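Okay, model_30.csv is below, CSV, C-alpha atoms:
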chain,number,residue,atom,x,y,z
T,695,MET,CA,9.1,180.9,246.2
T,696,ILE,CA,11.7,182.4,243.8
T,697,THR,CA,13.1,180.1,241.2
T,698,SER,CA,16.2,180.8,239.1
T,699,ALA,CA,16.3,180.3,235.4
T,700,VAL,CA,19.2,178.6,233.8
T,701,ALA,CA,20.6,180.7,230.9
T,702,GLY,CA,21.0,178.8,227.7
T,703,PRO,CA,23.7,179.5,225.1
T,704,ILE,CA,23.7,183.0,223.7
T,705,GLU,CA,23.1,183.2,220.0
T,706,ARG,CA,25.3,185.7,218.1
T,707,GLY,CA,24.4,187.1,214.8
T,708,PRO,CA,26.9,187.9,212.0
T,709,ILE,CA,29.3,190.8,212.7
T,710,ASP,CA,28.4,194.0,210.8
T,711,ALA,CA,31.8,195.1,209.4
T,712,ASP,CA,30.4,198.7,208.8
T,713,ALA,CA,29.7,199.0,212.5
T,714,VAL,CA,33.3,198.2,213.6
T,715,THR,CA,35.2,201.4,214.2
T,716,SER,CA,39.0,201.7,214.2
T,717,PRO,CA,40.9,203.5,216.9
T,718,GLU,CA,40.8,207.3,216.4
T,719,ARG,CA,43.9,208.6,214.8
T,720,ALA,CA,46.0,211.1,216.7
T,721,PRO,CA,45.9,214.7,215.4
T,722,GLU,CA,49.5,214.5,214.2
T,723,ASP,CA,48.6,211.6,212.0
T,724,LEU,CA,45.7,213.3,210.2
T,725,GLU,CA,46.4,214.5,206.7
T,726,VAL,CA,46.2,218.2,206.1
T,727,PHE,CA,44.4,219.4,203.0
T,728,GLY,CA,46.7,222.0,201.4
T,729,GLY,CA,44.0,223.7,199.4
T,730,THR,CA,43.7,224.6,195.7
T,731,ALA,CA,45.6,227.6,194.5
T,732,GLY,CA,43.5,230.2,192.9
T,733,ALA,CA,40.2,228.4,193.5
T,734,SER,CA,38.3,231.3,195.2
T,735,ALA,CA,39.5,233.9,192.7
T,736,GLN,CA,38.4,231.7,189.8
T,737,ARG,CA,35.0,231.1,191.5
T,738,GLU,CA,34.5,234.9,191.9
T,739,HIS,CA,35.4,235.4,188.2
T,740,ASP,CA,32.9,232.8,187.1
T,741,ARG,CA,30.2,234.3,189.4
T,742,ARG,CA,30.7,237.7,187.9
T,743,LYS,CA,30.8,236.4,184.4
T,744,ASP,CA,27.6,234.4,184.7
T,745,LYS,CA,25.8,237.3,186.4
T,746,ARG,CA,26.7,239.6,183.5
T,747,GLU,CA,25.7,237.1,180.8
T,748,THR,CA,22.4,236.5,182.5
T,749,ARG,CA,21.6,240.2,182.8
T,750,ILE,CA,22.5,240.9,179.1
T,751,ARG,CA,20.4,237.9,177.9
T,752,GLU,CA,17.4,238.9,180.0
T,753,ASN,CA,17.6,242.6,178.9
T,754,HIS,CA,18.2,241.7,175.3
T,755,PRO,CA,16.4,238.3,174.6
T,756,HIS,CA,17.0,238.4,170.8
T,757,ILE,CA,20.5,239.8,170.5
T,758,GLY,CA,22.0,239.0,173.9
T,759,GLY,CA,24.3,236.3,172.5
T,760,LEU,CA,25.5,238.7,169.8
T,761,ILE,CA,26.2,241.4,172.4
T,762,LEU,CA,28.2,239.0,174.5
T,763,ALA,CA,30.2,237.7,171.4
T,764,LEU,CA,31.1,241.3,170.4
T,765,SER,CA,31.9,242.7,173.8
T,766,ASP,CA,34.8,242.1,176.2
T,767,GLU,CA,34.5,241.2,179.9
T,768,PRO,CA,34.8,244.3,182.2
T,769,GLN,CA,38.3,244.7,183.6
T,770,SER,CA,36.9,244.3,187.1
T,771,THR,CA,35.8,240.8,186.1
T,772,ARG,CA,38.8,239.9,184.1
T,773,ALA,CA,41.1,240.8,186.9
T,774,TRP,CA,39.8,237.9,189.0
T,775,ALA,CA,40.7,235.4,186.3
T,776,VAL,CA,44.2,237.0,185.9
T,777,GLY,CA,44.7,236.9,189.6
T,778,ALA,CA,43.7,233.2,189.7
T,779,GLN,CA,46.2,232.5,186.9
T,780,GLY,CA,49.0,234.1,189.0
T,781,GLU,CA,48.0,232.1,192.1
T,782,VAL,CA,47.9,228.8,190.2
T,783,ALA,CA,51.3,229.4,188.6
T,784,LEU,CA,53.0,230.2,191.9
T,785,GLY,CA,51.1,227.4,193.6
T,786,GLN,CA,52.5,224.8,191.1
T,787,ARG,CA,56.0,226.0,191.8
T,788,LEU,CA,55.5,225.9,195.6
T,789,ASP,CA,54.1,222.4,195.4
T,790,LYS,CA,57.3,221.2,193.8
T,791,LEU,CA,59.0,222.0,197.1
T,792,SER,CA,56.9,219.6,199.1
T,793,GLY,CA,59.7,217.0,199.2
T,794,SER,CA,62.3,219.7,200.3
T,795,GLY,CA,61.0,220.3,203.8
T,796,VAL,CA,58.4,223.0,202.7
T,797,HIS,CA,54.8,222.6,203.8
T,798,VAL,CA,52.3,224.8,201.8
T,799,LEU,CA,48.7,225.9,202.3
T,800,HIS,CA,46.9,227.5,199.3
T,801,ASP,CA,43.9,229.9,199.1
T,802,ARG,CA,43.0,230.0,202.8
T,803,ARG,CA,40.0,231.9,204.1
T,804,ILE,CA,40.4,234.5,206.9
T,805,PRO,CA,37.5,233.9,209.4
T,806,PRO,CA,35.0,235.4,209.8
T,807,THR,CA,35.5,237.3,206.5
T,808,ARG,CA,35.4,236.2,202.9
T,809,ALA,CA,39.0,237.5,202.4
T,810,ASN,CA,41.7,235.0,201.8
T,811,ILE,CA,45.5,234.5,202.0
T,812,ASP,CA,46.9,233.2,198.7
T,813,HIS,CA,49.7,231.0,200.1
T,814,ILE,CA,51.2,230.1,203.5
T,815,ALA,CA,54.5,228.3,203.4
T,816,VAL,CA,56.1,226.6,206.5
T,817,CYS,CA,59.8,226.1,206.0
T,818,PRO,CA,62.9,225.7,208.1
T,819,SER,CA,63.4,229.4,208.4
T,820,GLY,CA,59.8,230.1,209.6
T,821,VAL,CA,56.4,230.9,208.2
T,822,ILE,CA,56.1,232.9,204.9
T,823,VAL,CA,52.8,234.5,204.0
T,824,ILE,CA,52.8,235.0,200.3
T,825,ASP,CA,50.5,237.3,198.3
T,826,ALA,CA,50.7,236.4,194.6
T,827,LYS,CA,50.2,239.3,192.1
T,828,LYS,CA,50.1,239.2,188.3
T,829,TYR,CA,50.6,242.8,187.3
T,830,GLN,CA,52.2,244.3,184.2
T,831,GLY,CA,55.2,246.6,184.7
T,832,ARG,CA,58.4,246.4,186.8
T,833,PRO,CA,58.2,246.3,190.6
T,834,ARG,CA,60.7,248.6,192.1
T,835,LEU,CA,61.5,250.4,195.4
T,836,GLN,CA,61.3,254.2,195.2
T,837,VAL,CA,63.2,256.0,197.9
T,838,GLU,CA,62.8,259.7,198.6
T,839,GLY,CA,64.3,262.0,201.3
T,840,GLY,CA,67.0,260.9,203.7
T,841,LEU,CA,69.5,263.7,204.4
T,842,PHE,CA,67.4,266.7,205.2
T,843,ARG,CA,63.9,265.3,205.2
T,844,PRO,CA,62.4,262.0,206.4
T,845,ARG,CA,63.2,258.9,204.2
T,846,THR,CA,60.2,257.4,202.6
T,847,GLU,CA,59.9,254.1,200.7
T,848,THR,CA,57.2,253.5,198.1
T,849,LEU,CA,56.4,250.3,196.2
T,850,MET,CA,56.1,251.1,192.5
T,851,VAL,CA,54.8,248.8,189.8
T,852,GLY,CA,55.5,250.4,186.5
T,853,SER,CA,54.5,254.0,187.0
T,854,ARG,CA,51.8,253.3,189.7
T,855,LYS,CA,52.2,253.4,193.5
T,856,GLN,CA,51.1,250.2,195.1
T,857,ASP,CA,51.7,250.8,198.8
T,858,GLY,CA,48.3,249.2,199.5
T,859,LEU,CA,49.8,245.8,198.6
T,860,VAL,CA,52.4,246.2,201.3
T,861,ALA,CA,49.8,247.2,203.9
T,862,GLY,CA,47.7,244.1,202.9
T,863,ALA,CA,50.7,241.8,203.2
T,864,LEU,CA,51.5,243.2,206.7
T,865,LYS,CA,47.9,242.7,207.8
T,866,GLN,CA,48.1,239.0,206.7
T,867,VAL,CA,51.4,238.5,208.6
T,868,ALA,CA,49.8,239.9,211.8
T,869,LEU,CA,46.8,237.5,211.4
T,870,VAL,CA,49.1,234.5,211.0
T,871,ARG,CA,51.2,235.6,214.0
T,872,ALA,CA,48.0,235.9,216.1
T,873,ALA,CA,46.9,232.4,214.9
T,874,LEU,CA,50.2,230.9,216.1
T,875,ASP,CA,49.8,232.7,219.4
T,876,ASP,CA,46.3,231.3,219.8
T,877,ALA,CA,47.7,227.8,219.1
T,878,GLY,CA,50.3,228.2,221.8
T,879,ILE,CA,53.2,228.2,219.3
T,880,ASP,CA,55.6,231.0,220.2
T,881,GLY,CA,58.8,232.4,218.8
T,882,ILE,CA,58.2,231.4,215.2
T,883,PRO,CA,59.5,234.0,212.6
T,884,VAL,CA,56.7,235.1,210.3
T,885,GLN,CA,57.5,237.1,207.1
T,886,GLY,CA,55.4,238.6,204.3
T,887,MET,CA,56.1,238.2,200.6
T,888,LEU,CA,54.7,239.9,197.6
T,889,CYS,CA,55.4,237.6,194.6
T,890,PHE,CA,54.9,239.2,191.2
T,891,VAL,CA,54.2,236.5,188.6
T,892,GLY,CA,55.2,237.4,185.0
T,893,ALA,CA,56.3,240.9,185.9
T,894,ASP,CA,59.0,242.8,184.0
T,895,TRP,CA,61.9,241.9,186.3
T,896,PRO,CA,65.5,242.8,185.4
T,897,LEU,CA,68.0,240.1,184.4
T,898,LEU,CA,70.2,240.8,187.5
T,899,GLY,CA,69.0,241.6,191.0
T,900,GLY,CA,65.6,243.2,191.3
T,901,ASP,CA,64.2,241.8,194.5
T,902,PHE,CA,63.9,244.1,197.6
T,903,ILE,CA,62.4,244.5,201.0
T,904,ILE,CA,60.0,247.2,202.0
T,905,ALA,CA,58.6,247.6,205.5
T,906,GLY,CA,59.7,244.0,206.2
T,907,VAL,CA,57.9,242.6,203.1
T,908,HIS,CA,60.1,240.8,200.6
T,909,VAL,CA,59.1,241.7,197.0
T,910,LEU,CA,60.3,239.1,194.5
T,911,TRP,CA,59.4,236.6,191.7
T,912,PRO,CA,58.4,232.9,191.9
T,913,LYS,CA,61.9,231.4,191.4
T,914,LYS,CA,63.4,233.7,193.9
T,915,ALA,CA,60.6,232.9,196.4
T,916,ALA,CA,61.3,229.2,196.0
T,917,GLU,CA,65.0,229.7,196.7
T,918,HIS,CA,64.2,231.7,199.8
T,919,LEU,CA,61.9,229.0,201.1
T,920,GLN,CA,64.6,226.3,200.8
T,921,LYS,CA,67.1,228.2,203.0
T,922,ALA,CA,68.3,226.5,206.2
T,923,GLY,CA,66.7,227.5,209.4
T,924,PRO,CA,66.1,226.5,213.0
T,925,LEU,CA,62.8,224.6,212.6
T,926,ASP,CA,62.8,220.8,212.4
T,927,GLU,CA,60.3,218.6,210.6
T,928,PRO,CA,58.0,217.8,213.6
T,929,THR,CA,57.8,221.5,214.5
T,930,MET,CA,57.0,222.4,210.9
T,931,ARG,CA,54.2,219.8,210.7
T,932,GLN,CA,52.8,221.1,214.0
T,933,ILE,CA,52.7,224.7,212.6
T,934,HIS,CA,51.3,223.5,209.3
T,935,ARG,CA,48.4,221.7,211.1
T,936,ALA,CA,47.7,224.7,213.4
T,937,LEU,CA,47.5,227.2,210.5
T,938,ALA,CA,45.4,224.8,208.3
T,939,SER,CA,42.9,224.7,211.2
T,940,ALA,CA,43.0,228.5,211.8
T,941,PHE,CA,42.6,229.3,208.1
T,942,PRO,CA,40.3,226.8,206.3
T,943,PRO,CA,40.2,226.5,202.5
T,944,ALA,CA,38.5,229.4,200.9
Translate this structure into structure tokens?
Amino acid sequence: MITSAVAGPIERGPIDADAVTSPERAPEDLEVFGGTAGASAQREHDRRKDKRETRIRENHPHIGGLILALSDEPQSTRAWAVGAQGEVALGQRLDKLSGSGVHVLHDRRIPPTRANIDHIAVCPSGVIVIDAKKYQGRPRLQVEGGLFRPRTETLMVGSRKQDGLVAGALKQVALVRAALDDAGIDGIPVQGMLCFVGADWPLLGGDFIIAGVHVLWPKKAAEHLQKAGPLDEPTMRQIHRALASAFPPA
């Protein structure tokens, strides 16, 4: 014979507040970490500096400290600190535009490499990929040929040719375009910038475009980013999120 049991009242324990989960936020509501300008360059400088100090102290236990006090950092190490200073200075100016419809990402890694993009700005006119440089000398465009021989353009900084900087900027532009394509975001203008911080710019004029890359200084870059364009705020936020995901902080 089967008998049924009568269920008594169910006892409930106290509610664990930590176990209660809130509804998952939509992707468009999640905050994007903009990154820290110059962070990876400063880390590389510190790594090289520490490695040199350790080597000298181990090789010269008694006078290592004196050697370090009387010697300068190698230029190859110091250049990382100088580069970080340029990125920080430009990053601070770009951050001031956050309330003017400009969305910025700083110091983004290019997967799967250790290389980075200094700054990516999403503004009404499109996406601007900015490489910050802190070089001595005056940036200028050197043009040769034209009438009877092919015209060539060369980026000069002081007396040195720096066409490699243009090639690097164009490569970064191509990578950002590819990331937008992968995210299904089409038709967005992407432009490269070389922004020279603290360079010997003339009082009037001075900026120029070479191979589609705008060469200029921080104040001029900020003016360019604030120009009117076809992108509205929701579209800029969508692009900003997509690029933040494609290029994580370095």
Between atom CA of Leu925 of chain T and atom CA of Gly881 of chain T - distance in Å to one decimal: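 A separation of 10.7 Å between them.
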Between atom CA of Met850 of chain T and atom CA of Leu888 of chain T, measure the distance and give it in Å to one decimal.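 Between atom CA of Met850 of chain T and atom CA of Leu888 of chain T the gap is 12.4 Å.
In this structure, atom CA of Thr848 of chain T sits 25.1 Å away from atom CA of Leu919 of chain T.
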Which one of T:His813, T:Arg746, T:His918, T:Arg843 sits closest to Gly780 of chain T if you count all atoms listed in the file?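 So, comparing all the options, the nearest one is T:His813.
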Measuring between all atoms listed in the file, which one of T:Ser853, T:Cys817, T:Leu762, T:Gly840 shows the shortest distance to Ser792 of chain T? T:Cys817
Find, counting all atoms listed in the file, the residue in T:Ala916, T:Ala733, T:Ala938, T:Leu760 that gets nearest to Ala873 of chain T.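 Of the candidates, the smallest distance to Ala873 of chain T is held by T:Ala938.
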Could you list, as a VMD selection string, every residue within 12 Å of Arg742 of chain T, counting only C-alpha atoms and ignoring same-chain residues fewer than 4 positions away? chain T and resid 735 to 738 746 to 749 767 to 775
Could you give me, as a count of residues only, the residues within 9 Å of Met930 of chain T, counting all atoms listed in the file and dropping anything in the same chain fewer than 2 positions from it? 16
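Minimum atom-to-atom distance to Leu788 of chain T, evaluated using all atoms listed in the file, belongs to T:Thr730 out of T:Gln856, T:Gln866, T:Ser939, T:Thr730.
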T:Ala815, T:Ala731, T:Ala778, T:Val907: which is nearest Leu791 of chain T, counting only C-alpha atoms? T:Ala815
Quick one: residues within 12 Å of Thr846 of chain T, only C-alpha atoms, excluding same-chain residues fewer than 3 positions away - as a PyMOL selection string? chain T and resi 835-841+843+849+857+904-905
Residue among T:Ala872, T:Ile903, T:Pro805, T:Ala944 lying closest to Phe727 of chain T, counting only C-alpha atoms: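 Among T:Ala872, T:Ile903, T:Pro805, T:Ala944, it is T:Ala944 that comes nearest to Phe727 of chain T.
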Can you find the residues with an atom no farther than 7 Å from (51.9, 234.2, 200.3), counting only C-alpha atoms, and report them as a list in words?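 Neighbouring residues, ordered by chain and number, come to Ile811, Asp812, His813, Ile814, Ile822, Val823, Ile824, Asp825, Ala826, Gly886, Met887 and Leu888 of chain T.
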Selection: 10 Å around Lys828 of chain T, only C-alpha atoms, excl. self and same-chain fewer than 5 positions, as a VMD selection string: chain T and resid 773 776 to 781 783 889 to 893
Place a sphere of radius 8 Å on (40.6, 230.7, 200.6) in the file coordinates and name every protein, DNA or RNA residue with an atom inside or on its surface, counting all atoms listed in the file; give the answer as a PyMOL selection string. chain T and resi 729+733-734+800-804+808-812+941-944
Mind writing the picked residues with C-alpha atoms as a PDB file, in the coordinates of the input?
ATOM      1  CA  GLY T 729      44.000 223.700 199.400  1.00  0.00           C
ATOM      2  CA  ALA T 733      40.200 228.400 193.500  1.00  0.00           C
ATOM      3  CA  SER T 734      38.300 231.300 195.200  1.00  0.00           C
ATOM      4  CA  HIS T 800      46.900 227.500 199.300  1.00  0.00           C
ATOM      5  CA  ASP T 801      43.900 229.900 199.100  1.00  0.00           C
ATOM      6  CA  ARG T 802      43.000 230.000 202.800  1.00  0.00           C
ATOM      7  CA  ARG T 803      40.000 231.900 204.100  1.00  0.00           C
ATOM      8  CA  ILE T 804      40.400 234.500 206.900  1.00  0.00           C
ATOM      9  CA  ARG T 808      35.400 236.200 202.900  1.00  0.00           C
ATOM     10  CA  ALA T 809      39.000 237.500 202.400  1.00  0.00           C
ATOM     11  CA  ASN T 810      41.700 235.000 201.800  1.00  0.00           C
ATOM     12  CA  ILE T 811      45.500 234.500 202.000  1.00  0.00           C
ATOM     13  CA  ASP T 812      46.900 233.200 198.700  1.00  0.00           C
ATOM     14  CA  PHE T 941      42.600 229.300 208.100  1.00  0.00           C
ATOM     15  CA  PRO T 942      40.300 226.800 206.300  1.00  0.00           C
ATOM     16  CA  PRO T 943      40.200 226.500 202.500  1.00  0.00           C
ATOM     17  CA  ALA T 944      38.500 229.400 200.900  1.00  0.00           C
TER      18      ALA T 944
END
Working from the structure I just supplied, which lacks atoms in segment 806-817 of chain T, can you model all heavy atoms there and output them as a PDB file, keeping the file's coordinate frame?
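Wrote it out as part-v4.pdb, contents follow:
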ATOM      1  N   PRO T 806      36.301 235.803 210.326  1.00  0.00           N
ATOM      2  CA  PRO T 806      35.000 235.400 209.800  1.00  0.00           C
ATOM      3  C   PRO T 806      34.693 236.058 208.460  1.00  0.00           C
ATOM      4  O   PRO T 806      33.519 236.157 208.075  1.00  0.00           O
ATOM      5  CB  PRO T 806      34.050 235.836 210.874  1.00  0.00           C
ATOM      6  CG  PRO T 806      34.665 237.132 211.364  1.00  0.00           C
ATOM      7  CD  PRO T 806      36.165 236.948 211.261  1.00  0.00           C
ATOM      8  N   THR T 807      35.688 236.550 207.747  1.00  0.00           N
ATOM      9  CA  THR T 807      35.500 237.300 206.500  1.00  0.00           C
ATOM     10  C   THR T 807      35.494 236.378 205.312  1.00  0.00           C
ATOM     11  O   THR T 807      35.727 235.170 205.423  1.00  0.00           O
ATOM     12  CB  THR T 807      36.568 238.368 206.351  1.00  0.00           C
ATOM     13  OG1 THR T 807      37.809 237.722 206.002  1.00  0.00           O
ATOM     14  CG2 THR T 807      36.780 239.154 207.646  1.00  0.00           C
ATOM     15  N   ARG T 808      35.298 236.965 204.133  1.00  0.00           N
ATOM     16  CA  ARG T 808      35.400 236.200 202.900  1.00  0.00           C
ATOM     17  C   ARG T 808      36.803 236.447 202.248  1.00  0.00           C
ATOM     18  O   ARG T 808      37.098 235.889 201.195  1.00  0.00           O
ATOM     19  CB  ARG T 808      34.337 236.680 201.889  1.00  0.00           C
ATOM     20  CG  ARG T 808      32.922 236.318 202.321  1.00  0.00           C
ATOM     21  CD  ARG T 808      31.907 236.840 201.318  1.00  0.00           C
ATOM     22  NE  ARG T 808      32.148 236.306 199.981  1.00  0.00           N
ATOM     23  CZ  ARG T 808      31.518 236.727 198.883  1.00  0.00           C
ATOM     24  NH1 ARG T 808      30.632 237.710 198.979  1.00  0.00           N
ATOM     25  NH2 ARG T 808      31.780 236.189 197.712  1.00  0.00           N
ATOM     26  N   ALA T 809      37.625 237.268 202.904  1.00  0.00           N
ATOM     27  CA  ALA T 809      39.000 237.500 202.400  1.00  0.00           C
ATOM     28  C   ALA T 809      39.829 236.275 202.517  1.00  0.00           C
ATOM     29  O   ALA T 809      39.515 235.361 203.298  1.00  0.00           O
ATOM     30  CB  ALA T 809      39.609 238.685 203.161  1.00  0.00           C
ATOM     31  N   ASN T 810      40.900 236.247 201.747  1.00  0.00           N
ATOM     32  CA  ASN T 810      41.700 235.000 201.800  1.00  0.00           C
ATOM     33  C   ASN T 810      43.213 235.399 201.759  1.00  0.00           C
ATOM     34  O   ASN T 810      43.619 236.524 201.472  1.00  0.00           O
ATOM     35  CB  ASN T 810      41.430 234.168 200.536  1.00  0.00           C
ATOM     36  CG  ASN T 810      42.089 234.697 199.274  1.00  0.00           C
ATOM     37  OD1 ASN T 810      41.915 235.858 198.916  1.00  0.00           O
ATOM     38  ND2 ASN T 810      42.850 233.848 198.596  1.00  0.00           N
ATOM     39  N   ILE T 811      44.021 234.409 202.109  1.00  0.00           N
ATOM     40  CA  ILE T 811      45.500 234.500 202.000  1.00  0.00           C
ATOM     41  C   ILE T 811      45.847 233.530 200.838  1.00  0.00           C
ATOM     42  O   ILE T 811      45.453 232.356 200.836  1.00  0.00           O
ATOM     43  CB  ILE T 811      46.173 234.038 203.284  1.00  0.00           C
ATOM     44  CG1 ILE T 811      45.802 234.993 204.424  1.00  0.00           C
ATOM     45  CG2 ILE T 811      47.684 233.983 203.106  1.00  0.00           C
ATOM     46  CD1 ILE T 811      46.344 234.575 205.779  1.00  0.00           C
ATOM     47  N   ASP T 812      46.602 234.031 199.869  1.00  0.00           N
ATOM     48  CA  ASP T 812      46.900 233.200 198.700  1.00  0.00           C
ATOM     49  C   ASP T 812      47.694 231.963 199.028  1.00  0.00           C
ATOM     50  O   ASP T 812      47.321 230.859 198.631  1.00  0.00           O
ATOM     51  CB  ASP T 812      47.693 234.058 197.663  1.00  0.00           C
ATOM     52  CG  ASP T 812      46.846 235.175 197.050  1.00  0.00           C
ATOM     53  OD1 ASP T 812      45.615 235.129 197.187  1.00  0.00           O
ATOM     54  OD2 ASP T 812      47.436 236.088 196.440  1.00  0.00           O
ATOM     55  N   HIS T 813      48.804 232.130 199.750  1.00  0.00           N
ATOM     56  CA  HIS T 813      49.700 231.000 200.100  1.00  0.00           C
ATOM     57  C   HIS T 813      50.313 231.213 201.453  1.00  0.00           C
ATOM     58  O   HIS T 813      50.697 232.341 201.786  1.00  0.00           O
ATOM     59  CB  HIS T 813      50.790 230.806 199.054  1.00  0.00           C
ATOM     60  CG  HIS T 813      50.339 230.822 197.629  1.00  0.00           C
ATOM     61  ND1 HIS T 813      49.806 229.730 196.991  1.00  0.00           N
ATOM     62  CD2 HIS T 813      50.339 231.834 196.704  1.00  0.00           C
ATOM     63  CE1 HIS T 813      49.492 230.050 195.744  1.00  0.00           C
ATOM     64  NE2 HIS T 813      49.817 231.325 195.554  1.00  0.00           N
ATOM     65  N   ILE T 814      50.440 230.139 202.219  1.00  0.00           N
ATOM     66  CA  ILE T 814      51.200 230.100 203.500  1.00  0.00           C
ATOM     67  C   ILE T 814      52.212 228.998 203.360  1.00  0.00           C
ATOM     68  O   ILE T 814      51.833 227.848 203.120  1.00  0.00           O
ATOM     69  CB  ILE T 814      50.328 229.941 204.704  1.00  0.00           C
ATOM     70  CG1 ILE T 814      49.239 231.020 204.793  1.00  0.00           C
ATOM     71  CG2 ILE T 814      51.178 229.949 205.977  1.00  0.00           C
ATOM     72  CD1 ILE T 814      48.242 230.790 205.917  1.00  0.00           C
ATOM     73  N   ALA T 815      53.487 229.315 203.512  1.00  0.00           N
ATOM     74  CA  ALA T 815      54.500 228.300 203.400  1.00  0.00           C
ATOM     75  C   ALA T 815      55.221 228.164 204.784  1.00  0.00           C
ATOM     76  O   ALA T 815      55.630 229.164 205.378  1.00  0.00           O
ATOM     77  CB  ALA T 815      55.552 228.642 202.359  1.00  0.00           C
ATOM     78  N   VAL T 816      55.324 226.934 205.272  1.00  0.00           N
ATOM     79  CA  VAL T 816      56.100 226.600 206.500  1.00  0.00           C
ATOM     80  C   VAL T 816      57.355 225.964 206.097  1.00  0.00           C
ATOM     81  O   VAL T 816      57.346 224.895 205.479  1.00  0.00           O
ATOM     82  CB  VAL T 816      55.247 225.727 207.438  1.00  0.00           C
ATOM     83  CG1 VAL T 816      55.992 225.509 208.744  1.00  0.00           C
ATOM     84  CG2 VAL T 816      53.857 226.314 207.704  1.00  0.00           C
ATOM     85  N   CYS T 817      58.462 226.599 206.404  1.00  0.00           N
ATOM     86  CA  CYS T 817      59.800 226.100 206.000  1.00  0.00           C
ATOM     87  C   CYS T 817      60.760 226.187 207.117  1.00  0.00           C
ATOM     88  O   CYS T 817      60.426 226.703 208.192  1.00  0.00           O
ATOM     89  CB  CYS T 817      60.248 226.926 204.761  1.00  0.00           C
ATOM     90  SG  CYS T 817      60.289 228.709 205.045  1.00  0.00           S
TER      91      CYS T 817
END
